[in-house]
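Let me begin by presenting the structure, written as structure tokens, before commenting on it.
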Amino acid sequence: MSVLDDLKNLESEALERISNSGSLDAFNEVRVQFLGKKGSITAVLKTLGKLPVDERKLIGASANAVRTNIEENIKSAQNKLSTCKTASDFDPTLPGTAQPIGTIHILNQVMNDICRTFYGMGFEIAKGPDVETDYYNFEALNFPPDHPARDMQDTLFVENDRVLRTHTTPVQARFLETHKPPIKIITPGKTFRNEAISTRAHVAFHQVDGFLVDEGVSIADLKGAIVAFCKAFFGEDVKLNFRPSFFPFTEPSAEVDVSCILCKGKGCQLCKYTGWLEILGCGMIDPNVLDNAGIDSEKYTGYAFGLGVERIAMLKYKINDIRLFFNNDIRFLRQFI
Amino acid sequence: MKISYNWLIELTGLDWSVEELSNRLTNCGTAVEDSEATDRYMDKVVVGEVLDLKPIEGADKIRLATVNIGSETMDLICGAPNAAKGQKVAVAQLGANLVGDLKIKKVKIRGIESCGMICSERELGISDDHSGIIVLPQDAPVGQLLAEYLDFKDTQLTFELTPNRPDSMSAIGLARDAAALASVKVKKPEIKLTESPENASDYISVKIDDPDACPRYAARIIKNVKIEPSPWWVKKKLIVCGIRPINNIVDITNYVLLESGHPLHAFDYDRFGSKEVVVRRAKDKEKFSTLDGNEHTCNPDVLLITNGKKGVAAGGVMGGLNSEVENDTNNILLEAAYFDPSIIRKSRKHLGFVTESSTRFEKGADPNDGLIYALNRAAALIAELSGGKVLKGIVDCYPNKIEPKKIKLRFSRCHALIGKELSKKRIIQILSDLELAVEDKGDNLSVTVPTFRPDLEREIDLIEEVARMEGWGNIPDAITNIGSLFTPLFDDDKFAEESRIVLTSAGFDEMVCHGLVDSKLAEKVNPGSQFVKIVNPSSSDLNVMRNNLVMSALPVINHNMSHRNMDLMLFELGKVYFPPDKNGEWIEDNRIILVVTGNSHINWREKPRAFDFYDLTGAINSLSKHFHLSEFEYCPGKIDYFEDKLSYEIKFNGTVIGCIGQVKASLAKASDIKQPLFLAEFSIKLLIENSNRVGDFKPLPQFPAAPRDLAIVVDVSVPAGDLLAGVKKAAGDLAEKVEIFDLYTGKQIEKGKKSIAISISYRHPERSLSGEEVDERQGKVIRSLKEKYNAEIRDK
């Protein structure tokens, strides 16, 4: 039965070649060599016609079985290759070599998040100068001449009756002078204070103020807008508390606390065990501010709010030193990639 | 401001816990910032009796005391100089936790075991006094808890009051808010004043020279007082409210100040120096010594209370040294005045300090009932506690009475502004509870505002009162859609936002600087230029605004270098500031700065290389591509802070918008930067105006391109940009793409020459180009390069 032995030998030779091959080309080669038109198994089959019927049947069946076996082995080896293209000299765990990307400053990321949220609520962006007149920074906003904020210890003064703006609310005063209601604006930007630099205080910080003026605007509208913002920004389950407060440019005024984003109001170090975080100030625009800008405060009312970007960034990312923002140490910047 | 919780409860009769009181007051606008139990350091502190006091051998500052605390007799070491045998003292037992985290444990000093401590006031949180131990009255029962014996169970509430509410700066004022929340009345202490027959006016008269600055001055005389320490109930309230007791007279003026909010001043009548009070402005350079011993040189901003000749008090701020109440004082002149807020502000600014009194007058005191109440209350208490006699009558100078304001409040306005319909009854109730006089006029109220509420001037102020007493939490959240439907993006922000993405994708990290810089550095970077100067800088190294972004980037690079962050790719989008130009305009310009220094990122495939000029122009090119801007030009130009050989102006559409180059080594070194530093800075205004995010569609090419490569050798001085422009010009509109793909100088090239390889892709939009056509164009290109740049064509 030397033909059967030959078949056995060819089969084991083919299977060994398959297991040692690592590429599609190599498998093809095996297929051609054994199963192709001039392949060695094909050659065996070609001799069948010369054999007696009994033998023909036996060897034919055996040759077909060998053929199927080789084909299946090639197929499964090919499948293995396409699912895992591992070759012995290839290491997919080496790091990819794209140019590492840089980081947008965390303050601008947070600022953008805030602005985008208000943008979605229909607020437009307006901007104004950092070096502001005393009029727009204070007087137009109903700060009495002897308000403590106008003292040298709080505000950085420049020559010619100019100041570095202490809030972005002057943009509101400027915008109201040149536009007619309905007005729906946010005013992101940089602001300055005369502060000694420490972990909690800096000479500059970023603010997003916003305001809306139209007929029939009420505290309820203000509350609705603030609640909508806080839910969008801090999550649906955030709770809010409005505490009456005082600002020269709004009346009535309130400060808004949100339930602590870390402990959800149970009390922790972040919220100093009160369960609440002070997040923004708001109120109804004082009629004097509207009148100063030539808007009839009997006909129109409006609300305004303001939030500190550094404060929100510090709370959200548990940053414990405000100086880190302006140091621009790349080890800090790159944490927020 | 600090106020005793017990006091507020006494005045309101409410049964609210500390927490409830704090929360409810906070939610109506009088915010409680902190609350601390007064006896928090008195746990395990009991009354003890010193049975024996023995010196300890070899120690002269400490003694061994044997103390009976009822349950036991213990030995302890005592260092107080005033300790004596037989005294009743406060003894902290083992486990007591005193001020400053001082825990009482068993200790051995000089071989003697001490199991407790005899305490001073400071250790128990009563005051700052640490001069000696507390000596209790002889009848103090041994063994009783000290807090119980002293009746010292109270809570100190710290309020963070808004500046518009001077009326809340007192126990009665705060009680008024609490009482209004519960719709009850404040129980103001009744005044039991018995006047003696002698007339006060026989002893004193009052003359006001400046009734605008001092609209009212009222005085009483109390004779034959005895200066003593105050009784414990007075001391206790002062201590809880954070005020140090001194003697009965001073304590009472402070007590009444805390209780009613109206500042008072007690003069020693016999030291006053005359029988006449004259209130006038100080003369320029007039000298006056306040009772803290400081001599001031006044000016007319200071309002002086005088005896007709010389000053005896800086009105509304502080009394004078010359008429201070002392231990031998017999007769008192008690002042209750009302000063205009603006004069007090000027006065305390000139004098350079604030007091409890100036703070209240500056925010607005009550010239009417509040003033008289405080004067009578103090007089009655002085009589009660010092044995003095209050003379008949108040000597009162009040030429122009300040009348309460009347304000109209429309219900419709109140509803519209709050956004909730409150019933007429509820609004009237809220305002009446706040002690405002309300008259119903149908569709509006006529509200008479007592003079203790100077903040209530307009209708809106009354609406605020309604809103805060109703509670903002009880106002609904309305979901309204007011304003415009369409919200356009702000061009500057869009440009900034997209620039950030382009630059961070290119590997740059964004920095944010505040813009305040040190004038010394600023001068070095941009000598002779104009700066916006800060008149009152918070520190001398932040005294001007930057007029370019380089001066604020250098400290950032310095910071990073000092933390061994040597490889930096940074950018900032920020403003620079200029003082007024000739038209008086203050210019603020938005700019971008790009900085590279050090080496490129390490990876296993390529060797890191040093960052240079082309890393900047590459990033700039990405920006110009992203915004579809025309190409930037870099023209040699001298910039002060760049090395002469690497200093270029950046031109856009023919206008200089910035500069690019290598920072002078000397300047970099001054900021401790010792490696090559390249930067580019340019204004973005023109770029925003010309940016066009999406270009028009161009049909995809239908016919094949014919690429040709070209290698030429030219003088090294020939700019590649010129060669590219020359090739483009010669190749004409058929050249679709012209790129430099190799640059070589070295062995195979003559010295002073460079080899540049350029690939040109030709394509016709409407047909296939024949080989001849392309060769013809290519020939034209070669000829022009030979002619213009003396280029030599290299064989491939």
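Every chain in the structure tokens has a letter given in the order shown (A, B, ...), and although residue numbers restart at 1 in each chain, ligands are simply numbered from 1 in the order shown.
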
Practice prompt. Restrict the distance test to only C-alpha atoms, flag each residue of chain B within 6 Å of chain A, and return the flagged residues as a ChimeraX atom specification.
Written response: /B:27-29,162,417-419,464,468,472,476-479,483,487,504-505,507-511,513-514,533-535,538,560

Output the selection as an mmCIF file, in the first residue's frame - C-alpha atoms for each residue.
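part33.cif was written with the following content:
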```
data_model
loop_
_atom_site.group_PDB
_atom_site.id
_atom_site.type_symbol
_atom_site.label_atom_id
_atom_site.label_comp_id
_atom_site.auth_asym_id
_atom_site.auth_seq_id
_atom_site.Cartn_x
_atom_site.Cartn_y
_atom_site.Cartn_z
ATOM 1 C CA ASN B 27 -32.229 82.176 54.056
ATOM 2 C CA CYS B 28 -33.669 85.635 54.694
ATOM 3 C CA GLY B 29 -30.392 87.385 53.955
ATOM 4 C CA THR B 162 -24.418 92.652 53.798
ATOM 5 C CA LEU B 417 -41.125 91.410 39.728
ATOM 6 C CA ILE B 418 -41.265 88.410 42.014
ATOM 7 C CA GLY B 419 -43.119 86.250 39.526
ATOM 8 C CA GLU B 464 -36.772 92.913 48.018
ATOM 9 C CA ARG B 468 -36.513 87.746 51.172
ATOM 10 C CA TRP B 472 -36.535 82.710 47.475
ATOM 11 C CA PRO B 476 -41.269 79.098 41.559
ATOM 12 C CA ASP B 477 -38.610 78.387 38.908
ATOM 13 C CA ALA B 478 -40.128 79.565 35.655
ATOM 14 C CA ILE B 479 -39.036 78.004 32.398
ATOM 15 C CA GLY B 483 -34.892 86.811 24.189
ATOM 16 C CA THR B 487 -27.726 83.000 18.992
ATOM 17 C CA THR B 504 -2.922 71.802 20.685
ATOM 18 C CA SER B 505 -3.180 69.268 17.871
ATOM 19 C CA GLY B 507 1.529 69.728 20.257
ATOM 20 C CA PHE B 508 1.420 73.180 21.851
ATOM 21 C CA ASP B 509 0.212 73.577 25.451
ATOM 22 C CA GLU B 510 -1.915 76.599 26.218
ATOM 23 C CA MET B 511 -0.888 79.038 28.939
ATOM 24 C CA CYS B 513 -1.339 84.822 31.965
ATOM 25 C CA HIS B 514 -3.087 87.618 33.842
ATOM 26 C CA LYS B 533 0.710 101.742 34.684
ATOM 27 C CA ILE B 534 -1.038 100.621 37.856
ATOM 28 C CA VAL B 535 -1.333 103.491 40.342
ATOM 29 C CA SER B 538 -0.697 95.060 44.972
ATOM 30 C CA ASN B 560 9.027 75.730 33.960
#
```

Item to complete: Could you give me the residues within stretch 21-221 of chain A that DSSP places in strand (DSSP E or B), as number ranges by chain?
Response: A: 124-125, 131-133, 157-158, 162-164, 183-192, 204-215

Write out the residues from the selection above, keeping C-alpha atoms, as a PDB file, in the first residue's frame.
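Generated output (part07.pdb):
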```
ATOM      1  CA  GLU A 124     -25.119  85.579  23.111  1.00  0.00           C
ATOM      2  CA  ILE A 125     -21.550  86.565  23.963  1.00  0.00           C
ATOM      3  CA  VAL A 131      -8.981  98.637  31.299  1.00  0.00           C
ATOM      4  CA  GLU A 132     -12.352 100.161  32.098  1.00  0.00           C
ATOM      5  CA  THR A 133     -13.630 103.604  33.000  1.00  0.00           C
ATOM      6  CA  PHE A 157      -6.351 101.879  39.512  1.00  0.00           C
ATOM      7  CA  VAL A 158      -4.792 103.161  36.322  1.00  0.00           C
ATOM      8  CA  ARG A 162      -9.468 104.218  34.630  1.00  0.00           C
ATOM      9  CA  VAL A 163      -9.451 100.994  36.589  1.00  0.00           C
ATOM     10  CA  LEU A 164      -8.714  97.360  35.807  1.00  0.00           C
ATOM     11  CA  ILE A 183     -31.327  91.376  25.366  1.00  0.00           C
ATOM     12  CA  LYS A 184     -29.838  88.043  26.419  1.00  0.00           C
ATOM     13  CA  ILE A 185     -26.092  88.136  26.883  1.00  0.00           C
ATOM     14  CA  ILE A 186     -23.182  86.506  28.683  1.00  0.00           C
ATOM     15  CA  THR A 187     -19.930  88.361  29.219  1.00  0.00           C
ATOM     16  CA  PRO A 188     -16.955  86.074  29.827  1.00  0.00           C
ATOM     17  CA  GLY A 189     -13.600  87.646  30.592  1.00  0.00           C
ATOM     18  CA  LYS A 190     -10.704  88.502  32.834  1.00  0.00           C
ATOM     19  CA  THR A 191     -11.119  90.653  35.935  1.00  0.00           C
ATOM     20  CA  PHE A 192      -8.702  92.130  38.452  1.00  0.00           C
ATOM     21  CA  ALA A 204      -6.734  88.346  38.462  1.00  0.00           C
ATOM     22  CA  PHE A 205      -9.485  85.874  37.880  1.00  0.00           C
ATOM     23  CA  HIS A 206     -12.003  84.987  35.202  1.00  0.00           C
ATOM     24  CA  GLN A 207     -15.696  85.596  35.352  1.00  0.00           C
ATOM     25  CA  VAL A 208     -18.760  84.814  33.307  1.00  0.00           C
ATOM     26  CA  ASP A 209     -21.554  87.308  33.871  1.00  0.00           C
ATOM     27  CA  GLY A 210     -24.888  87.140  32.158  1.00  0.00           C
ATOM     28  CA  PHE A 211     -28.031  89.194  31.945  1.00  0.00           C
ATOM     29  CA  LEU A 212     -31.419  89.306  30.327  1.00  0.00           C
ATOM     30  CA  VAL A 213     -33.688  92.296  29.840  1.00  0.00           C
ATOM     31  CA  ASP A 214     -37.217  92.194  28.491  1.00  0.00           C
ATOM     32  CA  GLU A 215     -40.765  93.070  29.485  1.00  0.00           C
TER      33      GLU A 215
END
```

Discussion item. I'd like the contact shell of B:Ala84 - 9 Å cut-off, only C-alpha atoms, skipping same-chain residues fewer than 4 positions apart - returned as a list in words.
Written reply: Val50, Asp52 and Leu53 of chain B

Those same residues, written as a short mmCIF file (atom, residue, chain, number, x, y, z; two decimals), in the first residue's frame with N, CA and C atoms?
```cif
data_model
loop_
_atom_site.label_atom_id
_atom_site.label_comp_id
_atom_site.auth_asym_id
_atom_site.auth_seq_id
_atom_site.Cartn_x
_atom_site.Cartn_y
_atom_site.Cartn_z
N VAL B 50 -8.19 75.54 96.27
CA VAL B 50 -6.76 75.30 96.49
C VAL B 50 -6.56 75.08 97.99
N ASP B 52 -3.76 73.66 99.36
CA ASP B 52 -2.38 73.89 99.76
C ASP B 52 -1.56 74.27 98.53
N LEU B 53 -0.50 75.03 98.76
CA LEU B 53 0.35 75.46 97.65
C LEU B 53 1.78 75.44 98.15
#
```

Discussion item. As a PyMOL selection string, please: every residue in stretch 186-332 of chain A that DSSP puts in alpha helix (DSSP H).
Written reply: chain A and resi 219-234+287-292+309-317+323-327+330-332

Restricted to C-alpha atoms, what would the selected residues look like written as a compact mmCIF listing (two decimals), in the first residue's frame?
```txt
# COMPACT_ATOMS: atom_id res chain seq x y z
CA ILE A 219 -37.33 86.49 39.98
CA ALA A 220 -39.10 83.31 38.91
CA ASP A 221 -37.51 83.64 35.44
CA LEU A 222 -34.13 84.23 37.03
CA LYS A 223 -34.52 81.17 39.21
CA GLY A 224 -35.62 79.07 36.24
CA ALA A 225 -32.55 80.09 34.24
CA ILE A 226 -30.13 79.46 37.13
CA VAL A 227 -31.70 76.08 37.93
CA ALA A 228 -31.50 75.11 34.24
CA PHE A 229 -27.84 76.12 34.06
CA CYS A 230 -26.85 74.31 37.25
CA LYS A 231 -28.63 71.12 36.19
CA ALA A 232 -26.96 71.21 32.79
CA PHE A 233 -23.57 71.96 34.32
CA PHE A 234 -23.55 69.93 37.54
CA PRO A 287 -33.75 99.96 38.08
CA ASN A 288 -30.98 102.57 38.40
CA VAL A 289 -28.72 100.48 36.15
CA LEU A 290 -31.41 100.30 33.46
CA ASP A 291 -32.24 104.01 33.82
CA ASN A 292 -28.53 104.92 33.60
CA VAL A 309 -14.39 80.47 36.62
CA GLU A 310 -11.42 79.72 38.92
CA ARG A 311 -13.77 78.89 41.78
CA ILE A 312 -15.77 76.46 39.68
CA ALA A 313 -12.60 74.89 38.24
CA MET A 314 -11.15 74.52 41.75
CA LEU A 315 -14.32 72.87 43.04
CA LYS A 316 -14.81 70.65 40.04
CA TYR A 317 -11.22 69.41 39.85
CA ARG A 323 -1.76 80.28 41.79
CA LEU A 324 -1.42 77.08 39.76
CA PHE A 325 -3.62 78.57 37.04
CA PHE A 326 -1.25 81.42 36.23
CA ASN A 327 2.02 79.56 36.91
CA ILE A 330 3.23 72.14 32.10
CA ARG A 331 2.99 69.35 34.68
CA PHE A 332 -0.20 71.08 35.87
```

Practice prompt. Rank nothing, just name the residue among B:Leu333, B:Ile126, B:Val774, B:Leu568 nearest to B:Gln675, using only C-alpha atoms.
Written response: B:Leu568

Discussion item. Taking 6 positions as the minimum chain separation for residues in the same chain, which residues sit within 6 Å of stretch 196-201 of chain B when counting only C-alpha atoms? Answer as a list in words.
Written reply: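 Everything that qualifies: Ile221, Val390, Leu391, Lys392, Gly393 and Val395 of chain B.
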
Practice prompt. Find the residues near B:Tyr641: any atom within 12 Å, counting only C-alpha atoms, skip ones fewer than 5 places away on the same chain, and give them as a PyMOL selection string.
Written response: chain B and resi 521-527+548+550-551+554+646-648+659-668+670+677-681

Got time to write the residues from that selection, C-alpha atoms, as a PDB file, in the first residue's frame?
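File written: selection.pdb
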```pdb
ATOM      1  CA  LEU B 521      11.225  93.139  32.923  1.00  0.00           C
ATOM      2  CA  ALA B 522       8.788  94.960  30.640  1.00  0.00           C
ATOM      3  CA  GLU B 523      11.333  97.734  30.051  1.00  0.00           C
ATOM      4  CA  LYS B 524      13.993  95.169  29.257  1.00  0.00           C
ATOM      5  CA  VAL B 525      11.784  93.356  26.742  1.00  0.00           C
ATOM      6  CA  ASN B 526      10.264  96.380  25.095  1.00  0.00           C
ATOM      7  CA  PRO B 527      12.494  99.349  25.942  1.00  0.00           C
ATOM      8  CA  ASN B 548       3.372  92.410  24.321  1.00  0.00           C
ATOM      9  CA  VAL B 550       6.648  88.082  25.459  1.00  0.00           C
ATOM     10  CA  MET B 551       7.003  89.800  28.812  1.00  0.00           C
ATOM     11  CA  LEU B 554       9.200  84.795  29.975  1.00  0.00           C
ATOM     12  CA  LEU B 646      17.099  85.690  13.491  1.00  0.00           C
ATOM     13  CA  SER B 647      14.605  88.517  13.696  1.00  0.00           C
ATOM     14  CA  TYR B 648      11.686  88.795  11.303  1.00  0.00           C
ATOM     15  CA  CYS B 659       7.238  89.191  14.610  1.00  0.00           C
ATOM     16  CA  ILE B 660       9.092  85.919  14.833  1.00  0.00           C
ATOM     17  CA  GLY B 661      12.635  85.040  15.796  1.00  0.00           C
ATOM     18  CA  GLN B 662      15.064  83.786  18.377  1.00  0.00           C
ATOM     19  CA  VAL B 663      15.068  85.579  21.726  1.00  0.00           C
ATOM     20  CA  LYS B 664      18.332  87.360  22.513  1.00  0.00           C
ATOM     21  CA  ALA B 665      20.494  85.146  24.680  1.00  0.00           C
ATOM     22  CA  SER B 666      21.136  88.042  27.067  1.00  0.00           C
ATOM     23  CA  LEU B 667      17.414  88.615  27.623  1.00  0.00           C
ATOM     24  CA  ALA B 668      16.700  84.905  28.007  1.00  0.00           C
ATOM     25  CA  ALA B 670      18.068  87.423  32.537  1.00  0.00           C
ATOM     26  CA  LEU B 677      14.222  80.150  22.735  1.00  0.00           C
ATOM     27  CA  PHE B 678      12.158  80.842  19.631  1.00  0.00           C
ATOM     28  CA  LEU B 679       8.891  82.680  19.583  1.00  0.00           C
ATOM     29  CA  ALA B 680       6.361  84.309  17.345  1.00  0.00           C
ATOM     30  CA  GLU B 681       3.764  86.859  18.350  1.00  0.00           C
TER      31      GLU B 681
END
```

Worksheet item: Counting only C-alpha atoms, what is within 8 Å of A:Ile41, bar same-chain residues fewer than 3 positions away, as JSON, numbers by chain?
Response: {"A": [7, 10, 34, 35, 44, 45, 63, 67]}

Those residues with C-alpha atoms, as a PDB file, in the first residue's frame please?
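In the end it all went to out-v1.pdb:
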```pdb
ATOM      1  CA  LEU A   7      -0.528  10.110   0.943  1.00  0.00           C
ATOM      2  CA  LEU A  10       2.341  14.117   1.974  1.00  0.00           C
ATOM      3  CA  PHE A  34      -0.027  20.095  -2.615  1.00  0.00           C
ATOM      4  CA  LEU A  35      -3.467  20.819  -4.009  1.00  0.00           C
ATOM      5  CA  VAL A  44      -1.834  11.016  -6.722  1.00  0.00           C
ATOM      6  CA  LEU A  45      -5.480  11.489  -7.711  1.00  0.00           C
ATOM      7  CA  ALA A  63      -6.786  11.078  -1.041  1.00  0.00           C
ATOM      8  CA  ARG A  67      -7.123  16.970   0.545  1.00  0.00           C
TER       9      ARG A  67
END
```

Discussion item. Taking 5 positions as the minimum chain separation for residues in the same chain, which residues sit within 12 Å of stretch 72-81 of chain A when counting only C-alpha atoms? Answer as a list in words.
Written reply: Glu11, Ser12, Ala14, Leu15, Glu16, Arg17, Ile18, Ser19, Asn20, Ser21, Gly22, Ser23, Leu24, Asp25, Ala26, Phe27, Asn28, Glu29, Val30, Arg31, Val32, Phe34, Leu35, Ala65, Val66, Arg67, Thr86 and Ala87 of chain A

Worksheet entry | Interatomic distance, atom CA of B:Val240 to atom CA of B:Ala96 (Å, one decimal) |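 For atom CA of B:Val240 relative to atom CA of B:Ala96, the distance reads 20.9 Å.
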
Worksheet item: With only C-alpha atoms as the atoms that count, which of B:Asp154, B:Glu57, B:Glu113, B:Glu439 lies nearest to B:Ile77?
Response: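 Checking each of B:Asp154, B:Glu57, B:Glu113, B:Glu439 against B:Ile77, counting only C-alpha atoms, the winner is B:Glu113.
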
Practice prompt. For atom CA of B:Leu303 and atom CA of B:Ile343, quote the distance in Å rounded to one decimal.
Written response: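 Taking atom CA of B:Leu303 as the start and atom CA of B:Ile343 as the end point, the length is 7.2 Å.
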
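Distances from B:Leu549, B:Met74, B:Ile208, B:Val135 to B:Ser114 were compared using only C-alpha atoms, and the smallest one belongs to B:Met74.
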
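As for atom CA of B:Val277 and atom CA of B:Lys207, they are spaced 6.0 Å apart.
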